[in-house]
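Containing mmCIF, C-alpha atoms: run-v1.cif.
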```
data_protein
loop_
_atom_site.label_atom_id
_atom_site.label_comp_id
_atom_site.auth_asym_id
_atom_site.auth_seq_id
_atom_site.Cartn_x
_atom_site.Cartn_y
_atom_site.Cartn_z
CA MET R 1 95.94 93.84 78.54
CA ILE R 2 97.85 97.08 79.18
CA THR R 3 96.29 99.53 76.76
CA SER R 4 96.30 102.98 78.35
CA ALA R 5 98.47 105.79 77.05
CA PHE R 6 100.10 105.91 80.47
CA ARG R 7 101.14 102.29 80.31
CA ARG R 8 102.41 102.58 76.75
CA LEU R 9 104.47 105.61 77.75
CA VAL R 10 105.94 103.78 80.75
CA LEU R 11 106.94 100.82 78.61
CA ALA R 12 108.31 102.96 75.79
CA LEU R 13 110.51 104.93 78.15
CA GLY R 14 111.79 101.82 79.88
CA VAL R 15 110.81 102.94 83.37
CA VAL R 16 112.24 100.60 85.99
CA GLY R 17 109.64 98.50 87.76
CA LEU R 18 106.92 96.01 87.12
CA LEU R 19 103.43 96.68 85.85
CA ALA R 20 101.45 94.48 88.12
CA SER R 21 97.89 93.83 89.13
CA ALA R 22 97.19 92.10 92.39
CA ALA R 23 94.06 90.53 90.95
CA ALA R 24 95.86 87.31 90.18
CA GLN R 25 97.59 87.16 93.55
CA ASP R 26 96.37 85.05 96.43
CA LEU R 27 95.37 87.12 99.41
CA VAL R 28 98.30 87.13 101.82
CA PHE R 29 95.98 86.74 104.82
CA PRO R 30 92.76 84.82 104.15
CA ILE R 31 89.76 86.99 104.90
CA GLY R 32 88.36 86.50 108.40
CA GLU R 33 91.04 84.09 109.61
CA ASP R 34 93.27 86.51 111.56
CA ASP R 35 91.69 88.46 114.40
CA ARG R 36 94.42 91.11 114.32
CA PHE R 37 92.73 92.67 111.27
CA ASP R 38 89.59 94.78 111.01
CA TRP R 39 87.80 92.64 108.44
CA ALA R 40 84.66 94.77 108.81
CA SER R 41 86.60 97.40 106.83
CA LEU R 42 85.79 95.43 103.69
CA GLU R 43 82.02 95.42 104.10
CA ARG R 44 81.30 98.73 102.38
CA PHE R 45 83.59 97.87 99.47
CA GLU R 46 82.03 94.47 98.98
CA ALA R 47 78.79 96.32 98.23
CA LEU R 48 80.48 98.12 95.32
CA ASP R 49 80.64 96.67 91.83
CA LEU R 50 83.63 98.13 89.99
CA THR R 51 84.04 95.18 87.66
CA GLY R 52 85.71 96.23 84.43
CA GLN R 53 87.14 99.44 85.88
CA THR R 54 90.90 99.97 85.98
CA ILE R 55 92.74 102.26 88.39
CA GLU R 56 96.25 103.37 87.39
CA VAL R 57 98.68 104.09 90.22
CA PHE R 58 102.23 105.34 89.67
CA GLY R 59 104.77 105.60 92.47
CA PRO R 60 108.33 105.11 93.72
CA TRP R 61 107.94 101.62 95.17
CA LEU R 62 109.95 98.81 93.57
CA THR R 63 110.80 95.17 94.35
CA VAL R 64 109.70 94.33 97.92
CA ASP R 65 107.63 97.47 98.48
CA GLU R 66 105.93 96.96 95.12
CA GLU R 67 104.92 93.45 96.15
CA LEU R 68 103.69 94.73 99.50
CA VAL R 69 101.51 97.52 98.14
CA ASN R 70 100.04 95.09 95.64
CA SER R 71 99.24 92.75 98.52
CA VAL R 72 97.10 95.56 99.97
CA PHE R 73 95.48 96.35 96.62
CA ALA R 74 94.44 92.70 96.32
CA TYR R 75 91.81 93.12 99.04
CA PHE R 76 90.23 96.11 97.30
CA GLU R 77 90.23 94.22 94.02
CA HIS R 78 88.74 91.14 95.66
CA ALA R 79 85.95 93.19 97.25
CA THR R 80 85.06 95.44 94.31
CA GLY R 81 86.09 93.64 91.13
CA ALA R 82 88.24 96.61 90.07
CA GLU R 83 91.70 96.13 88.61
CA ILE R 84 94.62 98.17 89.91
CA GLU R 85 97.62 98.62 87.62
CA TYR R 86 100.61 99.80 89.62
CA ALA R 87 103.84 101.02 87.99
CA GLY R 88 106.93 101.64 90.08
CA SER R 89 109.91 103.73 89.00
CA ASP R 90 113.21 104.86 90.47
CA SER R 91 112.80 107.97 88.29
CA PHE R 92 109.34 108.76 89.59
CA GLU R 93 109.97 112.48 90.15
CA GLN R 94 111.00 113.05 86.54
CA GLN R 95 108.50 110.63 84.98
CA ILE R 96 105.37 111.98 86.67
CA VAL R 97 106.13 115.44 85.31
CA ILE R 98 106.56 113.97 81.82
CA ASP R 99 103.27 112.08 82.13
CA VAL R 100 101.38 115.18 83.25
CA GLN R 101 102.85 117.36 80.52
CA ALA R 102 102.06 114.68 77.91
CA GLY R 103 98.43 114.60 79.02
CA SER R 104 98.64 110.94 80.09
CA PRO R 105 98.89 110.96 83.89
CA PRO R 106 97.87 107.99 86.03
CA ASP R 107 94.74 108.21 88.14
CA LEU R 108 96.76 108.34 91.36
CA ALA R 109 100.40 109.29 91.97
CA VAL R 110 102.37 108.39 95.07
CA PHE R 111 104.89 111.15 95.86
CA PRO R 112 107.97 110.41 98.02
CA GLN R 113 108.00 114.09 99.09
CA PRO R 114 105.21 116.66 99.39
CA GLY R 115 107.23 119.33 97.55
CA LEU R 116 106.64 117.85 94.10
CA ALA R 117 102.95 117.28 94.88
CA ALA R 118 102.67 120.95 95.86
CA ASP R 119 104.35 121.98 92.59
CA LEU R 120 101.88 119.96 90.53
CA ALA R 121 98.93 121.30 92.52
CA SER R 122 100.08 124.85 91.77
CA GLN R 123 100.06 123.95 88.06
CA GLY R 124 96.51 122.64 88.21
CA ALA R 125 97.70 119.05 87.73
CA LEU R 126 96.18 117.63 90.93
CA GLU R 127 92.53 117.24 91.87
CA PRO R 128 91.40 118.35 95.36
CA LEU R 129 90.67 115.34 97.54
CA GLY R 130 87.67 116.89 99.21
CA ALA R 131 86.56 118.11 102.63
CA SER R 132 85.48 114.65 103.77
CA LEU R 133 88.95 113.08 103.40
CA GLU R 134 90.52 116.19 104.91
CA GLN R 135 88.29 115.96 107.97
CA TRP R 136 88.87 112.22 108.25
CA THR R 137 92.63 112.81 108.29
CA ARG R 138 92.31 115.49 110.93
CA GLU R 139 90.25 113.23 113.17
CA ASN R 140 91.85 109.81 112.63
CA TYR R 141 95.59 110.43 112.30
CA ALA R 142 97.69 111.18 115.37
CA ALA R 143 98.69 114.85 115.15
CA GLY R 144 96.04 115.02 112.42
CA ASP R 145 96.39 118.74 111.88
CA SER R 146 100.02 118.16 110.91
CA TRP R 147 99.03 115.67 108.21
CA VAL R 148 96.37 118.00 106.84
CA GLU R 149 98.85 120.86 106.70
CA LEU R 150 101.41 118.65 104.92
CA GLY R 151 98.79 117.75 102.32
CA THR R 152 97.40 121.26 101.78
CA TYR R 153 98.79 123.21 98.82
CA ALA R 154 97.96 126.27 96.74
CA ASP R 155 96.24 125.62 93.43
CA GLU R 156 96.84 127.47 90.15
CA ASN R 157 94.79 130.39 91.47
CA GLY R 158 96.71 130.59 94.73
CA GLU R 159 93.81 129.11 96.70
CA GLU R 160 94.76 126.46 99.25
CA ASP R 161 93.06 123.08 99.22
CA PHE R 162 93.64 119.53 100.46
CA PHE R 163 95.51 117.67 97.72
CA GLY R 164 97.67 115.09 99.49
CA PHE R 165 96.82 112.04 101.60
CA PHE R 166 99.68 110.38 103.49
CA TYR R 167 99.94 106.59 103.57
CA LYS R 168 103.14 104.83 104.75
CA VAL R 169 105.35 106.91 107.03
CA ASP R 170 108.95 106.79 108.31
CA VAL R 171 110.19 107.97 111.70
CA LYS R 172 113.51 109.74 112.21
CA SER R 173 113.31 110.78 115.89
CA LEU R 174 115.02 107.65 117.23
CA VAL R 175 118.04 106.93 119.41
CA TRP R 176 119.55 103.45 119.07
CA TYR R 177 121.32 101.74 121.98
CA SER R 178 122.40 98.34 123.31
CA PRO R 179 120.09 97.14 126.11
CA ASP R 180 122.90 94.97 127.51
CA ASN R 181 125.31 97.90 127.67
CA PHE R 182 122.70 100.06 129.40
CA ALA R 183 121.87 97.28 131.86
CA ASP R 184 125.53 96.58 132.65
CA ALA R 185 126.16 100.26 133.39
CA GLY R 186 122.86 100.80 135.22
CA TYR R 187 121.61 103.42 132.75
CA GLU R 188 117.90 104.11 132.22
CA ILE R 189 116.07 105.35 129.14
CA PRO R 190 115.82 109.16 129.35
CA GLN R 191 112.34 110.65 129.09
CA THR R 192 113.37 114.26 128.49
CA MET R 193 116.19 116.02 126.68
CA GLU R 194 117.44 117.25 130.03
CA GLU R 195 117.73 113.63 131.16
CA LEU R 196 119.43 112.67 127.88
CA ILE R 197 122.09 115.34 128.40
CA ALA R 198 122.51 114.26 132.04
CA LEU R 199 122.93 110.66 130.89
CA SER R 200 125.56 111.73 128.37
CA ASP R 201 127.46 113.51 131.14
CA GLN R 202 127.16 110.45 133.40
CA ILE R 203 128.59 108.19 130.69
CA VAL R 204 131.57 110.54 130.32
CA ALA R 205 132.03 110.60 134.10
CA ASP R 206 132.02 106.79 134.07
CA GLY R 207 134.83 106.77 131.51
CA GLY R 208 132.69 105.99 128.45
CA THR R 209 131.69 107.78 125.27
CA PRO R 210 127.98 108.52 124.94
CA TRP R 211 127.56 109.09 121.21
CA CYS R 212 128.53 107.81 117.79
CA ILE R 213 127.92 110.39 115.04
CA GLY R 214 128.99 110.20 111.41
CA LEU R 215 128.20 112.70 108.67
CA GLY R 216 130.03 111.02 105.78
CA SER R 217 127.90 110.04 102.79
CA GLY R 218 129.94 110.61 99.64
CA ASP R 219 128.54 113.54 97.67
CA ALA R 220 125.76 113.82 100.25
CA THR R 221 128.10 114.22 103.23
CA GLY R 222 126.48 116.32 105.93
CA TRP R 223 122.86 115.20 105.69
CA PRO R 224 122.79 113.36 109.06
CA ALA R 225 123.56 116.68 110.75
CA THR R 226 120.52 118.30 109.11
CA ASP R 227 118.29 115.66 110.72
CA TRP R 228 119.76 116.49 114.12
CA VAL R 229 119.14 120.20 113.61
CA GLU R 230 115.59 119.59 112.39
CA ASP R 231 114.75 117.40 115.37
CA ILE R 232 116.17 120.03 117.72
CA MET R 233 114.21 122.82 115.99
CA LEU R 234 111.01 120.88 116.73
CA ARG R 235 112.05 120.57 120.38
CA THR R 236 113.00 124.21 120.91
CA GLN R 237 110.49 126.11 118.75
CA GLU R 238 106.79 126.03 117.96
CA PRO R 239 105.86 124.09 114.80
CA SER R 240 104.95 127.39 113.13
CA VAL R 241 108.55 128.55 113.45
CA TYR R 242 109.77 125.31 111.88
CA ASP R 243 107.36 125.92 108.99
CA GLN R 244 108.57 129.50 108.57
CA TRP R 245 112.14 128.24 108.47
CA VAL R 246 111.28 125.68 105.77
CA GLU R 247 109.46 128.31 103.68
CA HIS R 248 112.26 130.88 104.17
CA GLU R 249 109.83 133.23 105.88
CA ILE R 250 112.55 133.68 108.48
CA PRO R 251 116.23 133.79 107.49
CA PHE R 252 118.40 130.73 107.94
CA ASP R 253 120.60 132.70 110.32
CA ASP R 254 117.67 133.61 112.57
CA PRO R 255 118.82 133.27 116.21
CA ARG R 256 116.34 130.41 116.76
CA VAL R 257 117.93 128.38 113.96
CA VAL R 258 121.44 129.25 115.16
CA ASN R 259 120.43 128.00 118.62
CA ALA R 260 119.35 124.65 117.15
CA ILE R 261 122.67 124.33 115.31
CA GLU R 262 124.58 125.14 118.49
CA THR R 263 122.53 122.59 120.45
CA PHE R 264 123.53 119.97 117.88
CA GLY R 265 127.10 121.18 118.32
CA SER R 266 126.89 120.59 122.08
CA PHE R 267 126.77 116.90 121.13
CA ALA R 268 128.79 116.67 117.91
CA LYS R 269 131.56 119.17 118.73
CA ASN R 270 132.18 117.85 122.21
CA ASP R 271 135.30 115.65 122.11
CA GLU R 272 134.17 113.81 125.24
CA TYR R 273 130.74 113.07 123.79
CA VAL R 274 131.58 111.45 120.44
CA GLN R 275 133.62 108.45 119.44
CA GLY R 276 136.72 109.63 117.63
CA GLY R 277 136.28 113.16 118.95
CA ALA R 278 134.73 116.08 117.13
CA GLN R 279 137.26 115.77 114.29
CA GLY R 280 136.01 112.29 113.50
CA VAL R 281 132.36 113.28 113.08
CA ALA R 282 132.58 114.67 109.54
CA SER R 283 134.99 111.98 108.32
CA THR R 284 133.06 108.99 109.68
CA ASP R 285 130.64 107.47 107.17
CA PHE R 286 127.07 107.41 108.49
CA ARG R 287 126.85 103.70 107.57
CA ASP R 288 129.83 102.92 109.79
CA SER R 289 128.95 105.27 112.63
CA PRO R 290 126.68 102.90 114.62
CA GLN R 291 129.37 100.22 114.87
CA GLY R 292 130.54 101.55 118.23
CA LEU R 293 127.30 100.28 119.77
CA PHE R 294 128.52 96.72 119.15
CA ASP R 295 132.15 97.10 120.24
CA VAL R 296 133.41 95.41 123.40
CA PRO R 297 133.86 97.49 125.46
CA PRO R 298 131.31 99.89 123.93
CA GLY R 299 132.76 102.48 121.58
CA CYS R 300 129.63 104.50 122.26
CA TYR R 301 126.29 104.01 124.00
CA MET R 302 123.87 105.90 121.72
CA HIS R 303 123.31 106.68 118.06
CA ARG R 304 120.59 109.01 116.77
CA GLN R 305 119.34 107.90 113.37
CA ALA R 306 116.17 107.07 111.44
CA SER R 307 114.35 103.75 111.27
CA PHE R 308 116.39 102.55 108.27
CA ILE R 309 119.74 102.34 110.10
CA PRO R 310 119.44 98.64 111.10
CA SER R 311 120.31 97.86 107.47
CA PHE R 312 123.88 98.84 108.42
CA PHE R 313 124.13 96.95 111.70
CA PRO R 314 126.46 93.92 111.82
CA GLU R 315 125.12 90.79 110.18
CA GLY R 316 123.09 88.71 112.60
CA THR R 317 122.10 91.63 114.84
CA GLU R 318 118.79 90.87 116.54
CA LEU R 319 116.59 93.94 116.96
CA GLY R 320 115.10 94.26 120.42
CA LEU R 321 117.85 92.09 121.90
CA ASP R 322 121.28 93.15 120.63
CA VAL R 323 120.09 96.67 119.90
CA ASP R 324 116.94 98.65 120.53
CA PHE R 325 115.77 102.27 120.32
CA PHE R 326 113.98 104.98 122.24
CA TYR R 327 112.27 108.21 121.26
CA PHE R 328 114.57 111.24 120.87
CA PRO R 329 112.97 113.10 123.76
CA PRO R 330 111.66 116.68 124.03
CA PHE R 331 112.95 119.41 126.30
CA GLU R 332 110.75 119.38 129.38
CA ALA R 333 111.37 123.11 129.88
CA GLU R 334 110.06 123.99 126.41
CA ASP R 335 106.70 122.20 126.91
CA LEU R 336 106.27 121.45 123.18
CA GLY R 337 104.66 118.03 123.51
CA ASN R 338 106.05 115.04 121.63
CA PRO R 339 107.16 116.21 118.17
CA VAL R 340 108.24 113.62 115.63
CA LEU R 341 110.44 114.19 112.59
CA GLY R 342 110.01 111.88 109.66
CA ALA R 343 109.07 111.36 106.06
CA GLY R 344 106.38 109.56 104.13
CA THR R 345 104.57 109.05 100.86
CA VAL R 346 101.70 111.30 99.86
CA TRP R 347 98.97 110.25 97.44
CA GLY R 348 97.56 112.72 94.95
CA MET R 349 94.86 112.39 92.30
CA THR R 350 96.35 113.28 88.93
CA ASP R 351 93.32 112.23 86.87
CA GLU R 352 89.74 112.35 88.14
CA ASN R 353 88.35 108.85 88.47
CA PRO R 354 85.45 107.78 90.76
CA ALA R 355 86.97 104.33 91.23
CA ALA R 356 90.27 105.91 92.27
CA ARG R 357 88.40 107.92 94.89
CA GLU R 358 87.01 104.65 96.23
CA LEU R 359 90.57 103.31 96.45
CA LEU R 360 91.62 106.38 98.45
CA ASP R 361 88.64 105.77 100.73
CA PHE R 362 89.82 102.17 101.13
CA LEU R 363 93.25 103.47 102.22
CA THR R 364 91.57 105.14 105.21
CA THR R 365 90.38 101.79 106.55
CA PRO R 366 92.30 100.07 109.34
CA LEU R 367 92.59 96.94 107.17
CA ALA R 368 94.49 98.74 104.39
CA HIS R 369 97.12 99.67 106.97
CA GLU R 370 97.12 96.45 108.98
CA ILE R 371 97.79 94.20 105.97
CA TRP R 372 101.06 96.03 105.25
CA MET R 373 101.86 96.50 108.95
CA ALA R 374 101.78 92.74 109.42
CA GLN R 375 104.46 92.21 106.77
CA SER R 376 107.36 94.70 106.83
CA GLY R 377 108.50 98.29 106.45
CA PHE R 378 105.24 100.08 107.17
CA LEU R 379 104.39 102.64 109.85
CA THR R 380 101.16 104.58 110.16
CA PRO R 381 99.71 107.43 112.25
CA HIS R 382 96.21 105.87 111.92
CA THR R 383 94.81 105.79 115.46
CA GLY R 384 92.22 103.16 114.57
CA VAL R 385 94.60 100.34 113.67
CA ASN R 386 95.41 97.41 115.90
CA LEU R 387 99.01 97.84 117.04
CA ASP R 388 99.21 94.07 117.50
CA ALA R 389 99.12 93.79 113.70
CA TYR R 390 102.71 95.04 113.44
CA ALA R 391 105.06 92.29 112.30
CA ASN R 392 107.49 92.72 115.20
CA ASP R 393 108.20 94.68 118.37
CA THR R 394 110.55 97.08 116.57
CA LEU R 395 107.88 98.24 114.13
CA ARG R 396 105.29 98.28 116.90
CA GLY R 397 107.48 100.51 119.06
CA GLN R 398 108.06 102.93 116.20
CA GLY R 399 104.35 102.88 115.45
CA GLU R 400 103.63 103.79 119.05
CA ILE R 401 106.03 106.75 118.81
CA LEU R 402 104.16 107.90 115.72
CA ARG R 403 100.78 107.42 117.38
CA ASN R 404 101.88 109.39 120.46
CA ALA R 405 103.15 112.33 118.38
CA THR R 406 101.57 115.68 119.13
CA THR R 407 103.25 117.22 116.08
CA PHE R 408 104.68 115.61 112.96
CA ARG R 409 106.90 117.45 110.56
CA PHE R 410 108.51 116.32 107.33
CA ASP R 411 112.28 116.44 106.98
CA ALA R 412 112.99 120.15 106.42
CA SER R 413 115.94 119.69 104.07
CA ASP R 414 113.71 117.62 101.76
CA LEU R 415 111.24 120.51 101.57
CA MET R 416 113.78 123.26 100.96
CA PRO R 417 115.05 124.08 97.46
CA GLY R 418 117.50 121.39 96.35
CA ALA R 419 120.42 123.82 96.27
CA ILE R 420 119.81 124.47 99.98
CA GLY R 421 118.38 121.29 101.51
CA ALA R 422 120.64 119.01 99.47
CA GLY R 423 123.47 121.47 99.08
CA ALA R 424 124.29 124.47 101.25
CA PHE R 425 122.68 122.99 104.37
CA TRP R 426 124.77 119.81 104.06
CA THR R 427 128.06 121.60 103.44
CA GLY R 428 127.29 124.23 106.06
CA MET R 429 126.93 121.58 108.74
CA VAL R 430 130.23 119.99 107.71
CA ASP R 431 131.90 123.41 107.95
CA TYR R 432 130.32 123.95 111.34
CA VAL R 433 131.49 120.63 112.76
CA GLY R 434 134.91 121.37 111.26
CA GLY R 435 135.29 124.52 113.34
CA GLU R 436 133.17 127.30 111.80
CA SER R 437 130.80 129.09 114.16
CA ALA R 438 127.07 128.40 114.00
CA GLU R 439 126.42 132.04 113.13
CA SER R 440 128.88 131.96 110.23
CA ALA R 441 127.64 128.61 108.88
CA ALA R 442 124.02 129.75 109.05
CA ALA R 443 124.90 133.07 107.39
CA ASP R 444 126.57 131.21 104.51
CA ILE R 445 123.45 129.09 104.01
CA GLU R 446 121.25 132.18 104.14
CA GLU R 447 123.41 133.91 101.52
CA ALA R 448 123.07 130.85 99.25
CA TRP R 449 119.29 130.89 99.70
CA GLN R 450 119.03 134.59 98.92
CA SER R 451 120.99 134.05 95.72
CA LEU R 452 118.17 131.80 94.49
CA GLU R 453 115.51 134.47 94.91
#
```
Can the structure in the file be given as structure tokens, please?
Amino acid sequence: MITSAFRRLVLALGVVGLLASAAAQDLVFPIGEDDRFDWASLERFEALDLTGQTIEVFGPWLTVDEELVNSVFAYFEHATGAEIEYAGSDSFEQQIVIDVQAGSPPDLAVFPQPGLAADLASQGALEPLGASLEQWTRENYAAGDSWVELGTYADENGEEDFFGFFYKVDVKSLVWYSPDNFADAGYEIPQTMEELIALSDQIVADGGTPWCIGLGSGDATGWPATDWVEDIMLRTQEPSVYDQWVEHEIPFDDPRVVNAIETFGSFAKNDEYVQGGAQGVASTDFRDSPQGLFDVPPGCYMHRQASFIPSFFPEGTELGLDVDFFYFPPFEAEDLGNPVLGAGTVWGMTDENPAARELLDFLTTPLAHEIWMAQSGFLTPHTGVNLDAYANDTLRGQGEILRNATTFRFDASDLMPGAIGAGAFWTGMVDYVGGESAESAAADIEEAWQSLE
């Protein structure tokens, strides 16, 4: 029976999503029958007896993702006897604030972006996760320091602590291409940005067009350009500079940021580089922009976009055969390792609960990652998981990119104030591609940011 104040509030407000416990579900993979999974992960939890205890989890996952996270919870429930009540909402960001202010938060909240988690931590609404989980993250996640930094926020007294644990990650530093087109032309996968630029020049010399780029997205037009700039910032500057940029500790028109914009422009504003010429970049919808990969002859040979873009490929496209991807490479001359741009969900404790802490501990086990990996839509930086557990080669390849990362940074525009990251930055990039100089576009964004302070 759903009796908590949290559940009553969710139902009364009509939050979208299902209130579901995985207790009644069959385990998706019978315990011990698949050697891809680290079944020993369950041993410590089988020694716990949490029968009669309920853990409330509130997050953004609906439909398929809701079913998938519940399929992971089922193993914890099976081992411990606890019951997990998960509520998913497409208004999570607004609802979690309402729940906290009403004094009826869930035990655990799953934030789509770290910014809101940081806000709640500064209000005293999150519980520190402890030194043990912080150290585990540092030691067991690829680029572990990055994940600790992304989960460390100031509390109500201005003291920094570890409040956020990341589980389920997305990768944006990808370039999509047609293996057949590359093979027919004799092109090889570039390993450095210098090689990528040389390949682009070779494609032009051969009479082709190297890139498809589209910034159109209705009211959100311009956001694909921000991803380009963010990826380039990570390949031309130290991570600390990226962080200063996000926090507005350096101005948006700092020469290092202007350089990243201009480097993006060397691709997007080059008529020979992009399908439809530079004028077509801003007017082409991002959902349509990869279509050139599938034209005969090719309308373009490469398309830089995040892991979600296959949703907009032609029906029947077979990943790994008709289209594949490679890592958006670093500049060899900059010697900045293998940075990865992405996003992910961060778990915070909004109501102290010992059983909820056990669930967080369960989420550090390889099994809690492998169960979702083996189904769909899940990537992890956990270095202890079996990569063979990934459901297909596409996910496995993206997981390998994540595991090989030396630095991971969250999408900068998602961390900036909404009026900048989802406003001035978007429009500034459209203005830039339309003919404005990088210095002028960056100065306009900086002026907008200053007006907020």
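Minimum distance to Ala185 of chain R across R:Tyr301, R:Ala368, R:Ala118, R:Thr221 (counting only C-alpha atoms) occurs at R:Tyr301.
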Considering only C-alpha atoms, give me a table of residues in segment 345-388 of chain R that are at most 12 Å from segment 305-312 of chain R, with the closest atom pair and distance in Å for each, as JSON lines.
```
{"residue": "R:Gly377", "atom": "CA", "partner": "R:Phe308", "partner_atom": "CA", "distance": 9.1}
{"residue": "R:Phe378", "atom": "CA", "partner": "R:Ser307", "partner_atom": "CA", "distance": 10.6}
{"residue": "R:Leu379", "atom": "CA", "partner": "R:Ser307", "partner_atom": "CA", "distance": 10.1}
```
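The residue set within 12 Å of Gly435 of chain R, counting all atoms listed in the file and dropping same-chain residues fewer than 5 places from it, reads Glu262, Gly265, Ala268, Lys269, Asn270, Ala278, Gln279, Val281, Ala282, Gly428, Met429, Val430, Ser440 and Ala441 of chain R.
The closest residue to Gly397 of chain R, picked from R:Thr365, R:Leu360, R:Pro210, R:Val171 and counting only C-alpha atoms, is R:Val171.
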As a check of understanding, name the residues that the PyMOL selection byres ((chain R and resi 40) around 12) selects in the supplied structure, as a PDB file with C-alpha atoms, in the frame of the given file.
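Written out: expr.pdb:
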```
ATOM      1  CA  ILE R  31      89.760  86.990 104.900  1.00  0.00           C
ATOM      2  CA  GLY R  32      88.360  86.500 108.400  1.00  0.00           C
ATOM      3  CA  ASP R  35      91.690  88.460 114.400  1.00  0.00           C
ATOM      4  CA  ARG R  36      94.420  91.110 114.320  1.00  0.00           C
ATOM      5  CA  PHE R  37      92.730  92.670 111.270  1.00  0.00           C
ATOM      6  CA  ASP R  38      89.590  94.780 111.010  1.00  0.00           C
ATOM      7  CA  TRP R  39      87.800  92.640 108.440  1.00  0.00           C
ATOM      8  CA  SER R  41      86.600  97.400 106.830  1.00  0.00           C
ATOM      9  CA  LEU R  42      85.790  95.430 103.690  1.00  0.00           C
ATOM     10  CA  GLU R  43      82.020  95.420 104.100  1.00  0.00           C
ATOM     11  CA  ARG R  44      81.300  98.730 102.380  1.00  0.00           C
ATOM     12  CA  PHE R  45      83.590  97.870  99.470  1.00  0.00           C
ATOM     13  CA  GLU R  46      82.030  94.470  98.980  1.00  0.00           C
ATOM     14  CA  ALA R  79      85.950  93.190  97.250  1.00  0.00           C
ATOM     15  CA  PHE R 362      89.820 102.170 101.130  1.00  0.00           C
ATOM     16  CA  THR R 365      90.380 101.790 106.550  1.00  0.00           C
ATOM     17  CA  PRO R 366      92.300 100.070 109.340  1.00  0.00           C
ATOM     18  CA  LEU R 367      92.590  96.940 107.170  1.00  0.00           C
ATOM     19  CA  ALA R 368      94.490  98.740 104.390  1.00  0.00           C
TER      20      ALA R 368
END
```
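Between Ser89 of chain R and the candidates R:Phe267, R:Phe111, R:Phe313, R:Phe73, the tightest atom-to-atom separation, counting all atoms listed in the file, involves R:Phe111.
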Just the residues within 7 Å of Glu439 of chain R, please, counting only C-alpha atoms, with nothing from its chain fewer than 4 positions along; format it as a PDB file with C-alpha atoms, keeping the file's coordinate frame.
```pdb
ATOM      1  CA  ASP R 253     120.600 132.700 110.320  1.00  0.00           C
ATOM      2  CA  VAL R 258     121.440 129.250 115.160  1.00  0.00           C
ATOM      3  CA  ALA R 443     124.900 133.070 107.390  1.00  0.00           C
TER       4      ALA R 443
END
```
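Each of R:Val274, R:Val346, R:Ala142, R:Ala82 was checked against Ala109 of chain R using only C-alpha atoms; the smallest atom-to-atom distance is that of R:Val346.
With all atoms listed in the file as the atoms that count, the residue of R:Pro179, R:Thr407, R:Val246, R:Gln53 with the shortest distance to Val148 of chain R is R:Thr407.
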Kindly indicate which residue among R:Trp245, R:Tyr327, R:Trp347, R:Phe408 lies nearest to Trp449 of chain R, using all atoms listed in the file for the distances. R:Trp245
May I have the residues at most 7 Å from (87.6, 117.8, 90.7) in the file's coordinates, counting all atoms listed in the file, as a list in words? Glu127, Pro128 and Glu352 of chain R
Might you spell out which residues the PyMOL selection byres ((chain R and resi 388) around 10) would select in the displayed file, as a list in words? Asp35, Arg36, Phe37, Glu370, Met373, Ala374, Val385, Asn386, Leu387, Ala389, Tyr390, Ala391, Asn392, Asp393 and Arg396 of chain R
Exercise: Leu116 of chain R partners within 12 Å, all atoms listed in the file, chain neighbours under 4 positions left out, as a PyMOL selection string: chain R and resi 92-97+109-112+120-123+125-126+151+153+163-164+345-348+414-418
Protein, DNA and RNA residues within 12 Å of (109.7, 97.2, 98.0), only C-alpha atoms, as a ChimeraX atom specification: /R:17-18,59-71,88-90,372,375-378
One decimal place gives the atom CA of Glu334 of chain R-atom CA of Asp411 of chain R separation as 21.0 Å
I need the output of the PyMOL selection byres ((chain R and resi 401) around 12) for this file as a ChimeraX atom specification; which residues are they? /R:142-143,169-174,307,325-329,338-342,379-381,383,387,394-400,402-408
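Rounded to one decimal, atom CA of Ser178 of chain R and atom CA of Ser283 of chain R lie 23.9 Å from each other.
The space separating atom CA of Met302 of chain R from atom CA of Val175 of chain R comes to 6.4 Å.
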Please write a file for segment 409-423 of chain R, taken from the block I just shared, that holds C-alpha atoms and is laid out as a short mmCIF file (atom, residue, chain, number, x, y, z; two decimals), in the first residue's frame.
```
data_model
loop_
_atom_site.label_atom_id
_atom_site.label_comp_id
_atom_site.auth_asym_id
_atom_site.auth_seq_id
_atom_site.Cartn_x
_atom_site.Cartn_y
_atom_site.Cartn_z
CA ARG R 409 32.95 17.16 -17.98
CA PHE R 410 29.22 17.79 -17.96
CA ASP R 411 27.64 19.78 -20.77
CA ALA R 412 28.59 23.38 -19.91
CA SER R 413 25.41 25.00 -21.21
CA ASP R 414 23.38 22.76 -18.87
CA LEU R 415 25.38 24.05 -15.91
CA MET R 416 25.21 27.73 -16.79
CA PRO R 417 22.25 29.90 -15.76
CA GLY R 418 19.27 29.10 -17.97
CA ALA R 419 19.24 32.57 -19.53
CA ILE R 420 22.80 31.89 -20.75
CA GLY R 421 23.15 28.16 -21.36
CA ALA R 422 19.65 27.82 -22.82
CA GLY R 423 19.43 31.35 -24.14
#
```
